[in-house]
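Accompanying notes for the structure given below.
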Amino acid sequence: MAALKFFISSVFVLAFVVGTWVLPGAESKTYWGDIEVLKQLKNGVDPSSVSPGSCLSSWDFTVDPCDSLFSERFTCGFRCDLTVSGLSRVTEVTLDSAGYAGSLSSTSWNIPYLQILDLSNNFFSGSIPGSLANLTRLTRLGLSRNTFSGEIPLAIGSFSSLEELYLDNNNLQGPIPSSFNNLVSLKRLEIQSNHLSGELPELGSLKNLYFLDASNNAISGYLPTTLPSSLIQISMRNNTIEGTIPQSLQYLSFLQVLDLSHNKLTDSVPYFLFTHPSLQQLTLAFNSFTSVQSPSNLGTQSELIAFDLSNNELQGWLPPFLPLMPKLSALSLENNKLSGIIPVQYALKTVVPGPGIAPFARLLLGGNYLFGPIPRALLVLKPGTANVSLADNCLIRCPLRFFFCQGADQKSLTACKSPVIP
């Protein structure tokens with residue numbers, strides 16, 4: 001009898017310490033605190049935005065959520081996992097794209113086992129609450145394509161386990177928090193299409209980051225001199241970044257895609273972008289570059305496949321090394337101030353590139369001041385074989401019967417005599 005009393009007493013103490021009663025025949029299998037957070041989330045949503053058949057429309061808290069998941073009363077929207085305590089804990093909340101509108105500020109987010117929170121493609125509004133910092137095990141936060149406003153809370157920098165952060169396509173304003181440097185596990189960062197301003201902070205401590213998209217914001221200042229060497233893709237188009245391309249980019253040995261178009265970058269396009277060991281796509285259109293530096297090996301070891309330098313302030317002759325780049329198949333130098341004769345190498349790479357050399361599938365040279373005759377090799381080019389444009393130049397003769405002359409007339413003699421080189 002004494003042993004039995006001791007056993008019952010021990011069970012009582014254990015249950016009290018853990019804070020959870022586990023009784024035979026008990027109905028609830030979901031930790032009560034997790035249920036409260038799910039209730040708060042649903043209560044923060046405008047009922048008129050909850051459409052029949054959506055996940056939230058099925059959430060009926062008269063039954064246990066985890067025990068009833070995928071039934072008629074909890075069809076979708078979250079995931080549960082059994083913990084060592086014998087209780088089910090909510091580990092993922094992923095709402096469907098059903099047009100939910102509402103706020104997250106009334107939710108405590110005291111749901112510590114949550115690993116994934118994804119509310120993307122809805123109409124949630126208001127500020128992103130700092131209480132999200134309670135989600136200490138979070139690995140993915142997806143708030144894309146909503147209407148969140150205000151600044152990114154500093155508390156987001158406390159997610160030491162976060163691997164993916166999606167805040168894109170909202171109305172967020174203010175600077176990018178320097179606390180992002182604390183996201184040491186981060187692999188993917190998407191903050192594009194907001195109203196973020198100020199300089200992009202140094203992110204050198206994010207040793208696992210491979211994807212960065214901060215396009216379509218109001219980011220200003222200079223490009224950071226320190227970026228994670230793990231980066232594979234950098235997209236920062238359509239901002240107001242100025243200055244030059246930092247030499248540190250040559251040390252991002254895994255970089256494959258670099259898009260800095262629609263900014264205010266100036267000076268020369270540096271030679272190391274044409275000797276980079278992995279760079280395949282380089283987009284620098286709509287800046288103010290004036291020249292292109294030639295690499296010492298003439299780009300013969302380049303991995304570049306596509307290069308867009310259109311709509312800049314380039315002057316001088318066409319860079320002679322570009323047709324020598326073996327994998328380059330898409331080149332756009334449209335709408336600059338380039339002059340001189342079209343080198344025959346440009347034509348040969350388009351028509352008869354030679355063994356092991358990728359032909360120009362796209363060669364856009366229109367809107368410059370190129371003069372002289374059309375290279376003879378191009379005259380045999382037939383429509384549909386390549387996308388070539390020589391329109392709006394100063395060529396001696398570019399009849400419209402050649403498809404690559406169509407789109408705009410050649411410049412007038414007066415326009416061609418106007419100086420384009422200071």
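We name chains A, B, ... following the order of the structure tokens; residues begin at 1 in each chain, and ligands are numbered from 1 as shown.
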For A:Tyr166, please output as a PDB file with N, CA and C atoms, in the first residue's frame all residues within 12 Å (counting only C-alpha atoms; exclusion window: fewer than 4 positions along the same chain).
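Just written: part_3.pdb:
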```pdb
ATOM      1  N   ILE A 116       7.536  26.166 -38.626  1.00  0.00           N
ATOM      2  CA  ILE A 116       7.172  26.809 -39.889  1.00  0.00           C
ATOM      3  C   ILE A 116       5.924  27.656 -39.679  1.00  0.00           C
ATOM      4  N   LEU A 117       6.012  28.927 -40.057  1.00  0.00           N
ATOM      5  CA  LEU A 117       4.849  29.819 -40.077  1.00  0.00           C
ATOM      6  C   LEU A 117       4.775  30.441 -41.455  1.00  0.00           C
ATOM      7  N   ASP A 118       3.733  30.114 -42.196  1.00  0.00           N
ATOM      8  CA  ASP A 118       3.591  30.607 -43.562  1.00  0.00           C
ATOM      9  C   ASP A 118       2.161  31.094 -43.776  1.00  0.00           C
ATOM     10  N   LEU A 119       2.034  32.414 -43.929  1.00  0.00           N
ATOM     11  CA  LEU A 119       0.731  33.055 -44.144  1.00  0.00           C
ATOM     12  C   LEU A 119       0.712  33.768 -45.494  1.00  0.00           C
ATOM     13  N   SER A 120       1.519  33.341 -46.409  1.00  0.00           N
ATOM     14  CA  SER A 120       1.720  34.030 -47.681  1.00  0.00           C
ATOM     15  C   SER A 120       0.456  34.060 -48.529  1.00  0.00           C
ATOM     16  N   ASN A 121       0.438  35.043 -49.436  1.00  0.00           N
ATOM     17  CA  ASN A 121      -0.621  35.170 -50.445  1.00  0.00           C
ATOM     18  C   ASN A 121      -1.996  35.381 -49.825  1.00  0.00           C
ATOM     19  N   THR A 139      12.124  27.778 -38.344  1.00  0.00           N
ATOM     20  CA  THR A 139      13.083  27.593 -39.435  1.00  0.00           C
ATOM     21  C   THR A 139      12.627  28.285 -40.724  1.00  0.00           C
ATOM     22  N   ARG A 140      11.311  28.525 -40.854  1.00  0.00           N
ATOM     23  CA  ARG A 140      10.823  29.237 -42.037  1.00  0.00           C
ATOM     24  C   ARG A 140       9.705  30.183 -41.644  1.00  0.00           C
ATOM     25  N   LEU A 141       9.857  31.443 -42.062  1.00  0.00           N
ATOM     26  CA  LEU A 141       8.833  32.457 -41.837  1.00  0.00           C
ATOM     27  C   LEU A 141       8.430  33.015 -43.190  1.00  0.00           C
ATOM     28  N   GLY A 142       7.176  32.785 -43.567  1.00  0.00           N
ATOM     29  CA  GLY A 142       6.675  33.243 -44.854  1.00  0.00           C
ATOM     30  C   GLY A 142       5.504  34.195 -44.690  1.00  0.00           C
ATOM     31  N   LEU A 143       5.747  35.475 -44.970  1.00  0.00           N
ATOM     32  CA  LEU A 143       4.697  36.496 -44.895  1.00  0.00           C
ATOM     33  C   LEU A 143       4.549  37.196 -46.246  1.00  0.00           C
ATOM     34  N   SER A 144       4.981  36.547 -47.304  1.00  0.00           N
ATOM     35  CA  SER A 144       4.987  37.151 -48.633  1.00  0.00           C
ATOM     36  C   SER A 144       3.582  37.509 -49.101  1.00  0.00           C
ATOM     37  N   ARG A 145       3.541  38.530 -49.951  1.00  0.00           N
ATOM     38  CA  ARG A 145       2.329  38.898 -50.690  1.00  0.00           C
ATOM     39  C   ARG A 145       1.134  39.107 -49.770  1.00  0.00           C
ATOM     40  N   ASN A 146       1.338  39.948 -48.770  1.00  0.00           N
ATOM     41  CA  ASN A 146       0.261  40.447 -47.930  1.00  0.00           C
ATOM     42  C   ASN A 146       0.308  41.968 -48.014  1.00  0.00           C
ATOM     43  N   ILE A 152      10.440  46.509 -40.325  1.00  0.00           N
ATOM     44  CA  ILE A 152      10.741  45.127 -39.955  1.00  0.00           C
ATOM     45  C   ILE A 152      11.201  45.128 -38.503  1.00  0.00           C
ATOM     46  N   ILE A 156      13.119  40.037 -35.236  1.00  0.00           N
ATOM     47  CA  ILE A 156      13.311  38.967 -36.219  1.00  0.00           C
ATOM     48  C   ILE A 156      14.760  38.497 -36.215  1.00  0.00           C
ATOM     49  N   LEU A 162      16.463  30.159 -37.945  1.00  0.00           N
ATOM     50  CA  LEU A 162      15.720  30.488 -39.157  1.00  0.00           C
ATOM     51  C   LEU A 162      16.572  30.238 -40.400  1.00  0.00           C
ATOM     52  N   ASN A 170       5.158  43.313 -49.813  1.00  0.00           N
ATOM     53  CA  ASN A 170       4.332  43.939 -48.787  1.00  0.00           C
ATOM     54  C   ASN A 170       4.509  45.444 -48.897  1.00  0.00           C
ATOM     55  N   LEU A 186      20.472  31.377 -41.672  1.00  0.00           N
ATOM     56  CA  LEU A 186      19.665  31.792 -42.806  1.00  0.00           C
ATOM     57  C   LEU A 186      20.289  31.359 -44.124  1.00  0.00           C
ATOM     58  N   LYS A 187      19.438  30.776 -44.996  1.00  0.00           N
ATOM     59  CA  LYS A 187      19.878  30.348 -46.320  1.00  0.00           C
ATOM     60  C   LYS A 187      19.238  31.180 -47.426  1.00  0.00           C
ATOM     61  N   ARG A 188      18.018  31.646 -47.198  1.00  0.00           N
ATOM     62  CA  ARG A 188      17.289  32.362 -48.249  1.00  0.00           C
ATOM     63  C   ARG A 188      16.620  33.585 -47.641  1.00  0.00           C
ATOM     64  N   LEU A 189      16.872  34.762 -48.236  1.00  0.00           N
ATOM     65  CA  LEU A 189      16.320  36.028 -47.755  1.00  0.00           C
ATOM     66  C   LEU A 189      15.635  36.734 -48.912  1.00  0.00           C
ATOM     67  N   GLU A 190      14.314  36.919 -48.792  1.00  0.00           N
ATOM     68  CA  GLU A 190      13.539  37.603 -49.830  1.00  0.00           C
ATOM     69  C   GLU A 190      12.787  38.770 -49.196  1.00  0.00           C
ATOM     70  N   ILE A 191      13.219  39.987 -49.530  1.00  0.00           N
ATOM     71  CA  ILE A 191      12.590  41.203 -49.009  1.00  0.00           C
ATOM     72  C   ILE A 191      12.233  42.141 -50.165  1.00  0.00           C
ATOM     73  N   GLN A 192      12.142  41.618 -51.370  1.00  0.00           N
ATOM     74  CA  GLN A 192      11.881  42.430 -52.551  1.00  0.00           C
ATOM     75  C   GLN A 192      10.464  42.987 -52.556  1.00  0.00           C
ATOM     76  N   SER A 193      10.289  44.030 -53.348  1.00  0.00           N
ATOM     77  CA  SER A 193       8.969  44.640 -53.586  1.00  0.00           C
ATOM     78  C   SER A 193       8.327  45.135 -52.300  1.00  0.00           C
ATOM     79  N   ASN A 194       9.068  45.989 -51.592  1.00  0.00           N
ATOM     80  CA  ASN A 194       8.561  46.724 -50.440  1.00  0.00           C
ATOM     81  C   ASN A 194       8.930  48.191 -50.637  1.00  0.00           C
ATOM     82  N   PHE A 211      20.807  32.802 -51.234  1.00  0.00           N
ATOM     83  CA  PHE A 211      19.879  33.537 -52.101  1.00  0.00           C
ATOM     84  C   PHE A 211      19.481  34.839 -51.419  1.00  0.00           C
ATOM     85  N   LEU A 212      19.694  35.956 -52.102  1.00  0.00           N
ATOM     86  CA  LEU A 212      19.346  37.279 -51.581  1.00  0.00           C
ATOM     87  C   LEU A 212      18.618  38.057 -52.655  1.00  0.00           C
ATOM     88  N   ASP A 213      17.387  38.465 -52.343  1.00  0.00           N
ATOM     89  CA  ASP A 213      16.621  39.306 -53.266  1.00  0.00           C
ATOM     90  C   ASP A 213      16.090  40.504 -52.492  1.00  0.00           C
ATOM     91  N   ALA A 214      16.618  41.675 -52.814  1.00  0.00           N
ATOM     92  CA  ALA A 214      16.174  42.929 -52.208  1.00  0.00           C
ATOM     93  C   ALA A 214      15.730  43.905 -53.289  1.00  0.00           C
TER      94      ALA A 214
END
```
For the contact check between stretch 282-355 of chain A and stretch 245-252 of chain A, emit one row per residue of stretch 282-355 of chain A within 12 Å, containing the shortest atom pair and the distance in Å rounded to one decimal, counting only C-alpha atoms, chain then rising number order, as CSV.
```
residue,atom,partner,partner_atom,distance
A:Leu284,CA,A:Ile245,CA,10.4
A:Asn287,CA,A:Ile245,CA,11.6
A:Ser288,CA,A:Ile245,CA,12.0
A:Phe289,CA,A:Ile245,CA,10.4
```
Kindly save the residues from that selection, with C-alpha atoms included, as a short mmCIF file (atom, residue, chain, number, x, y, z; two decimals), in the first residue's frame.
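Contents of part_36.cif, freshly written:
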```cif
data_model
loop_
_atom_site.label_atom_id
_atom_site.label_comp_id
_atom_site.auth_asym_id
_atom_site.auth_seq_id
_atom_site.Cartn_x
_atom_site.Cartn_y
_atom_site.Cartn_z
CA LEU A 284 23.60 45.61 -65.27
CA ASN A 287 22.76 52.21 -64.83
CA SER A 288 25.40 54.79 -65.76
CA PHE A 289 28.40 52.67 -66.68
#
```
(message) If DSSP is run on the backbone, what residues of stretch 76-299 of chain A are strand (DSSP E)? A reply as a PyMOL selection string would be ideal.
(response) chain A and resi 78-82+88-94+101-102+116-118+123-126+140-142+147-151+164-166+171-175+188-190+195-198+211-213+218-219+233-235+242-243+257-259+264-269+281-283+288-292
Taking the DSSP secondary structure from the backbone, can you list the residues of stretch 184-371 of chain A that are helix (DSSP H, G or I), as a PDB file with all heavy atoms, in the first residue's frame?
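Output below, filename selection.pdb:
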```pdb
ATOM      1  N   GLN A 247      35.222  45.232 -55.447  1.00  0.00           N
ATOM      2  CA  GLN A 247      36.096  44.133 -55.844  1.00  0.00           C
ATOM      3  C   GLN A 247      35.825  42.863 -55.057  1.00  0.00           C
ATOM      4  O   GLN A 247      36.143  41.764 -55.514  1.00  0.00           O
ATOM      5  CB  GLN A 247      37.560  44.536 -55.660  1.00  0.00           C
ATOM      6  CG  GLN A 247      38.050  45.549 -56.681  1.00  0.00           C
ATOM      7  CD  GLN A 247      39.567  45.638 -56.703  1.00  0.00           C
ATOM      8  OE1 GLN A 247      40.240  45.053 -55.852  1.00  0.00           O
ATOM      9  NE2 GLN A 247      40.097  46.374 -57.658  1.00  0.00           N
ATOM     10  N   SER A 248      35.219  43.008 -53.888  1.00  0.00           N
ATOM     11  CA  SER A 248      34.954  41.835 -53.052  1.00  0.00           C
ATOM     12  C   SER A 248      34.030  40.825 -53.735  1.00  0.00           C
ATOM     13  O   SER A 248      34.021  39.644 -53.367  1.00  0.00           O
ATOM     14  CB  SER A 248      34.339  42.269 -51.709  1.00  0.00           C
ATOM     15  OG  SER A 248      33.173  43.045 -51.916  1.00  0.00           O
ATOM     16  N   LEU A 249      33.262  41.268 -54.748  1.00  0.00           N
ATOM     17  CA  LEU A 249      32.369  40.336 -55.437  1.00  0.00           C
ATOM     18  C   LEU A 249      33.137  39.223 -56.145  1.00  0.00           C
ATOM     19  O   LEU A 249      32.592  38.133 -56.366  1.00  0.00           O
ATOM     20  CB  LEU A 249      31.499  41.085 -56.450  1.00  0.00           C
ATOM     21  CG  LEU A 249      30.348  41.939 -55.897  1.00  0.00           C
ATOM     22  CD1 LEU A 249      29.517  42.502 -57.037  1.00  0.00           C
ATOM     23  CD2 LEU A 249      29.458  41.133 -54.963  1.00  0.00           C
ATOM     24  N   GLN A 250      34.380  39.477 -56.485  1.00  0.00           N
ATOM     25  CA  GLN A 250      35.140  38.441 -57.190  1.00  0.00           C
ATOM     26  C   GLN A 250      35.439  37.257 -56.291  1.00  0.00           C
ATOM     27  O   GLN A 250      35.799  36.179 -56.770  1.00  0.00           O
ATOM     28  CB  GLN A 250      36.432  39.024 -57.763  1.00  0.00           C
ATOM     29  CG  GLN A 250      37.439  39.483 -56.727  1.00  0.00           C
ATOM     30  CD  GLN A 250      38.657  40.126 -57.356  1.00  0.00           C
ATOM     31  OE1 GLN A 250      39.308  39.541 -58.220  1.00  0.00           O
ATOM     32  NE2 GLN A 250      38.961  41.332 -56.932  1.00  0.00           N
ATOM     33  N   TYR A 251      35.303  37.438 -54.975  1.00  0.00           N
ATOM     34  CA  TYR A 251      35.600  36.362 -54.037  1.00  0.00           C
ATOM     35  C   TYR A 251      34.364  35.544 -53.672  1.00  0.00           C
ATOM     36  O   TYR A 251      34.462  34.609 -52.876  1.00  0.00           O
ATOM     37  CB  TYR A 251      36.250  36.932 -52.780  1.00  0.00           C
ATOM     38  CG  TYR A 251      37.494  37.735 -53.077  1.00  0.00           C
ATOM     39  CD1 TYR A 251      37.552  39.103 -52.814  1.00  0.00           C
ATOM     40  CD2 TYR A 251      38.618  37.134 -53.665  1.00  0.00           C
ATOM     41  CE1 TYR A 251      38.683  39.846 -53.108  1.00  0.00           C
ATOM     42  CE2 TYR A 251      39.739  37.863 -53.965  1.00  0.00           C
ATOM     43  CZ  TYR A 251      39.760  39.220 -53.685  1.00  0.00           C
ATOM     44  OH  TYR A 251      40.883  39.956 -53.982  1.00  0.00           O
ATOM     45  N   TYR A 271      36.720  44.019 -64.759  1.00  0.00           N
ATOM     46  CA  TYR A 271      37.173  42.854 -65.539  1.00  0.00           C
ATOM     47  C   TYR A 271      36.904  41.542 -64.833  1.00  0.00           C
ATOM     48  O   TYR A 271      36.677  40.500 -65.490  1.00  0.00           O
ATOM     49  CB  TYR A 271      38.679  42.985 -65.805  1.00  0.00           C
ATOM     50  CG  TYR A 271      39.529  42.786 -64.562  1.00  0.00           C
ATOM     51  CD1 TYR A 271      39.985  41.517 -64.208  1.00  0.00           C
ATOM     52  CD2 TYR A 271      39.838  43.854 -63.724  1.00  0.00           C
ATOM     53  CE1 TYR A 271      40.744  41.327 -63.071  1.00  0.00           C
ATOM     54  CE2 TYR A 271      40.576  43.673 -62.584  1.00  0.00           C
ATOM     55  CZ  TYR A 271      41.031  42.412 -62.254  1.00  0.00           C
ATOM     56  OH  TYR A 271      41.758  42.227 -61.105  1.00  0.00           O
ATOM     57  N   PHE A 272      36.921  41.526 -63.482  1.00  0.00           N
ATOM     58  CA  PHE A 272      36.837  40.245 -62.769  1.00  0.00           C
ATOM     59  C   PHE A 272      35.472  39.578 -62.942  1.00  0.00           C
ATOM     60  O   PHE A 272      35.335  38.376 -62.677  1.00  0.00           O
ATOM     61  CB  PHE A 272      37.188  40.408 -61.293  1.00  0.00           C
ATOM     62  CG  PHE A 272      36.359  41.411 -60.539  1.00  0.00           C
ATOM     63  CD1 PHE A 272      35.064  41.123 -60.129  1.00  0.00           C
ATOM     64  CD2 PHE A 272      36.898  42.660 -60.226  1.00  0.00           C
ATOM     65  CE1 PHE A 272      34.311  42.049 -59.429  1.00  0.00           C
ATOM     66  CE2 PHE A 272      36.147  43.585 -59.520  1.00  0.00           C
ATOM     67  CZ  PHE A 272      34.853  43.277 -59.120  1.00  0.00           C
ATOM     68  N   LEU A 273      34.458  40.314 -63.389  1.00  0.00           N
ATOM     69  CA  LEU A 273      33.167  39.684 -63.651  1.00  0.00           C
ATOM     70  C   LEU A 273      33.235  38.768 -64.868  1.00  0.00           C
ATOM     71  O   LEU A 273      32.396  37.883 -65.029  1.00  0.00           O
ATOM     72  CB  LEU A 273      32.095  40.754 -63.855  1.00  0.00           C
ATOM     73  CG  LEU A 273      31.767  41.620 -62.629  1.00  0.00           C
ATOM     74  CD1 LEU A 273      30.741  42.672 -62.991  1.00  0.00           C
ATOM     75  CD2 LEU A 273      31.266  40.760 -61.467  1.00  0.00           C
ATOM     76  N   PHE A 274      34.251  38.967 -65.724  1.00  0.00           N
ATOM     77  CA  PHE A 274      34.396  38.144 -66.929  1.00  0.00           C
ATOM     78  C   PHE A 274      35.399  37.008 -66.725  1.00  0.00           C
ATOM     79  O   PHE A 274      35.599  36.190 -67.629  1.00  0.00           O
ATOM     80  CB  PHE A 274      34.822  39.013 -68.107  1.00  0.00           C
ATOM     81  CG  PHE A 274      33.926  40.211 -68.306  1.00  0.00           C
ATOM     82  CD1 PHE A 274      34.369  41.496 -68.029  1.00  0.00           C
ATOM     83  CD2 PHE A 274      32.618  40.042 -68.722  1.00  0.00           C
ATOM     84  CE1 PHE A 274      33.544  42.591 -68.190  1.00  0.00           C
ATOM     85  CE2 PHE A 274      31.777  41.134 -68.889  1.00  0.00           C
ATOM     86  CZ  PHE A 274      32.243  42.412 -68.621  1.00  0.00           C
ATOM     87  N   LEU A 322      34.180  40.184 -76.030  1.00  0.00           N
ATOM     88  CA  LEU A 322      32.895  39.552 -75.716  1.00  0.00           C
ATOM     89  C   LEU A 322      32.564  38.373 -76.640  1.00  0.00           C
ATOM     90  O   LEU A 322      32.069  37.336 -76.171  1.00  0.00           O
ATOM     91  CB  LEU A 322      31.773  40.590 -75.742  1.00  0.00           C
ATOM     92  CG  LEU A 322      31.807  41.627 -74.600  1.00  0.00           C
ATOM     93  CD1 LEU A 322      30.678  42.645 -74.771  1.00  0.00           C
ATOM     94  CD2 LEU A 322      31.683  40.945 -73.240  1.00  0.00           C
ATOM     95  N   PRO A 323      32.822  38.459 -77.959  1.00  0.00           N
ATOM     96  CA  PRO A 323      32.519  37.287 -78.811  1.00  0.00           C
ATOM     97  C   PRO A 323      33.446  36.100 -78.560  1.00  0.00           C
ATOM     98  O   PRO A 323      33.188  34.998 -79.061  1.00  0.00           O
ATOM     99  CB  PRO A 323      32.710  37.826 -80.238  1.00  0.00           C
ATOM    100  CG  PRO A 323      32.710  39.302 -80.114  1.00  0.00           C
ATOM    101  CD  PRO A 323      33.248  39.604 -78.759  1.00  0.00           C
ATOM    102  N   LEU A 324      34.519  36.307 -77.807  1.00  0.00           N
ATOM    103  CA  LEU A 324      35.462  35.223 -77.541  1.00  0.00           C
ATOM    104  C   LEU A 324      35.069  34.400 -76.321  1.00  0.00           C
ATOM    105  O   LEU A 324      35.695  33.378 -76.040  1.00  0.00           O
ATOM    106  CB  LEU A 324      36.874  35.800 -77.336  1.00  0.00           C
ATOM    107  CG  LEU A 324      37.423  36.687 -78.463  1.00  0.00           C
ATOM    108  CD1 LEU A 324      38.815  37.179 -78.112  1.00  0.00           C
ATOM    109  CD2 LEU A 324      37.418  35.938 -79.784  1.00  0.00           C
ATOM    110  N   VAL A 344      33.913  41.649 -86.972  1.00  0.00           N
ATOM    111  CA  VAL A 344      33.440  40.452 -87.650  1.00  0.00           C
ATOM    112  C   VAL A 344      33.227  39.305 -86.675  1.00  0.00           C
ATOM    113  O   VAL A 344      32.409  38.400 -86.904  1.00  0.00           O
ATOM    114  CB  VAL A 344      34.442  40.058 -88.767  1.00  0.00           C
ATOM    115  CG1 VAL A 344      35.772  39.603 -88.166  1.00  0.00           C
ATOM    116  CG2 VAL A 344      33.849  38.978 -89.657  1.00  0.00           C
ATOM    117  N   GLN A 345      33.930  39.318 -85.524  1.00  0.00           N
ATOM    118  CA  GLN A 345      33.785  38.240 -84.547  1.00  0.00           C
ATOM    119  C   GLN A 345      32.358  38.161 -84.009  1.00  0.00           C
ATOM    120  O   GLN A 345      31.869  37.077 -83.683  1.00  0.00           O
ATOM    121  CB  GLN A 345      34.764  38.435 -83.376  1.00  0.00           C
ATOM    122  CG  GLN A 345      36.224  38.229 -83.743  1.00  0.00           C
ATOM    123  CD  GLN A 345      36.872  39.514 -84.222  1.00  0.00           C
ATOM    124  OE1 GLN A 345      36.178  40.489 -84.537  1.00  0.00           O
ATOM    125  NE2 GLN A 345      38.193  39.517 -84.275  1.00  0.00           N
ATOM    126  N   TYR A 346      31.682  39.309 -83.911  1.00  0.00           N
ATOM    127  CA  TYR A 346      30.294  39.311 -83.457  1.00  0.00           C
ATOM    128  C   TYR A 346      29.413  38.555 -84.437  1.00  0.00           C
ATOM    129  O   TYR A 346      28.517  37.801 -84.041  1.00  0.00           O
ATOM    130  CB  TYR A 346      29.799  40.748 -83.299  1.00  0.00           C
ATOM    131  CG  TYR A 346      30.225  41.417 -82.001  1.00  0.00           C
ATOM    132  CD1 TYR A 346      31.525  41.883 -81.827  1.00  0.00           C
ATOM    133  CD2 TYR A 346      29.316  41.586 -80.967  1.00  0.00           C
ATOM    134  CE1 TYR A 346      31.912  42.499 -80.652  1.00  0.00           C
ATOM    135  CE2 TYR A 346      29.690  42.208 -79.781  1.00  0.00           C
ATOM    136  CZ  TYR A 346      30.995  42.662 -79.629  1.00  0.00           C
ATOM    137  OH  TYR A 346      31.376  43.258 -78.458  1.00  0.00           O
ATOM    138  N   ALA A 347      29.663  38.760 -85.715  1.00  0.00           N
ATOM    139  CA  ALA A 347      28.863  38.089 -86.735  1.00  0.00           C
ATOM    140  C   ALA A 347      29.183  36.600 -86.801  1.00  0.00           C
ATOM    141  O   ALA A 347      28.283  35.757 -86.901  1.00  0.00           O
ATOM    142  CB  ALA A 347      29.100  38.740 -88.093  1.00  0.00           C
ATOM    143  N   LEU A 348      30.461  36.263 -86.741  1.00  0.00           N
ATOM    144  CA  LEU A 348      30.855  34.856 -86.846  1.00  0.00           C
ATOM    145  C   LEU A 348      30.317  34.035 -85.677  1.00  0.00           C
ATOM    146  O   LEU A 348      29.897  32.896 -85.857  1.00  0.00           O
ATOM    147  CB  LEU A 348      32.384  34.748 -86.915  1.00  0.00           C
ATOM    148  CG  LEU A 348      33.029  35.295 -88.200  1.00  0.00           C
ATOM    149  CD1 LEU A 348      34.550  35.224 -88.101  1.00  0.00           C
ATOM    150  CD2 LEU A 348      32.525  34.525 -89.413  1.00  0.00           C
ATOM    151  N   LYS A 349      30.321  34.600 -84.487  1.00  0.00           N
ATOM    152  CA  LYS A 349      29.803  33.875 -83.324  1.00  0.00           C
ATOM    153  C   LYS A 349      28.300  33.642 -83.469  1.00  0.00           C
ATOM    154  O   LYS A 349      27.763  32.663 -82.941  1.00  0.00           O
ATOM    155  CB  LYS A 349      30.104  34.639 -82.031  1.00  0.00           C
ATOM    156  CG  LYS A 349      29.641  33.910 -80.759  1.00  0.00           C
ATOM    157  CD  LYS A 349      30.094  34.641 -79.513  1.00  0.00           C
ATOM    158  CE  LYS A 349      29.479  34.071 -78.242  1.00  0.00           C
ATOM    159  NZ  LYS A 349      29.896  32.683 -77.966  1.00  0.00           N
ATOM    160  N   THR A 350      27.630  34.517 -84.176  1.00  0.00           N
ATOM    161  CA  THR A 350      26.183  34.368 -84.384  1.00  0.00           C
ATOM    162  C   THR A 350      25.871  33.315 -85.439  1.00  0.00           C
ATOM    163  O   THR A 350      24.922  32.532 -85.291  1.00  0.00           O
ATOM    164  CB  THR A 350      25.567  35.717 -84.803  1.00  0.00           C
ATOM    165  OG1 THR A 350      25.936  36.726 -83.865  1.00  0.00           O
ATOM    166  CG2 THR A 350      24.050  35.622 -84.863  1.00  0.00           C
ATOM    167  N   VAL A 351      26.670  33.265 -86.476  1.00  0.00           N
ATOM    168  CA  VAL A 351      26.357  32.413 -87.633  1.00  0.00           C
ATOM    169  C   VAL A 351      27.161  31.117 -87.628  1.00  0.00           C
ATOM    170  O   VAL A 351      26.608  30.013 -87.760  1.00  0.00           O
ATOM    171  CB  VAL A 351      26.589  33.178 -88.951  1.00  0.00           C
ATOM    172  CG1 VAL A 351      26.223  32.313 -90.150  1.00  0.00           C
ATOM    173  CG2 VAL A 351      25.785  34.465 -88.958  1.00  0.00           C
TER     174      VAL A 351
END
```
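Taking atom CA of A:Gly372 and atom CA of A:Gln293 as endpoints, the distance between them is 24.5 Å.
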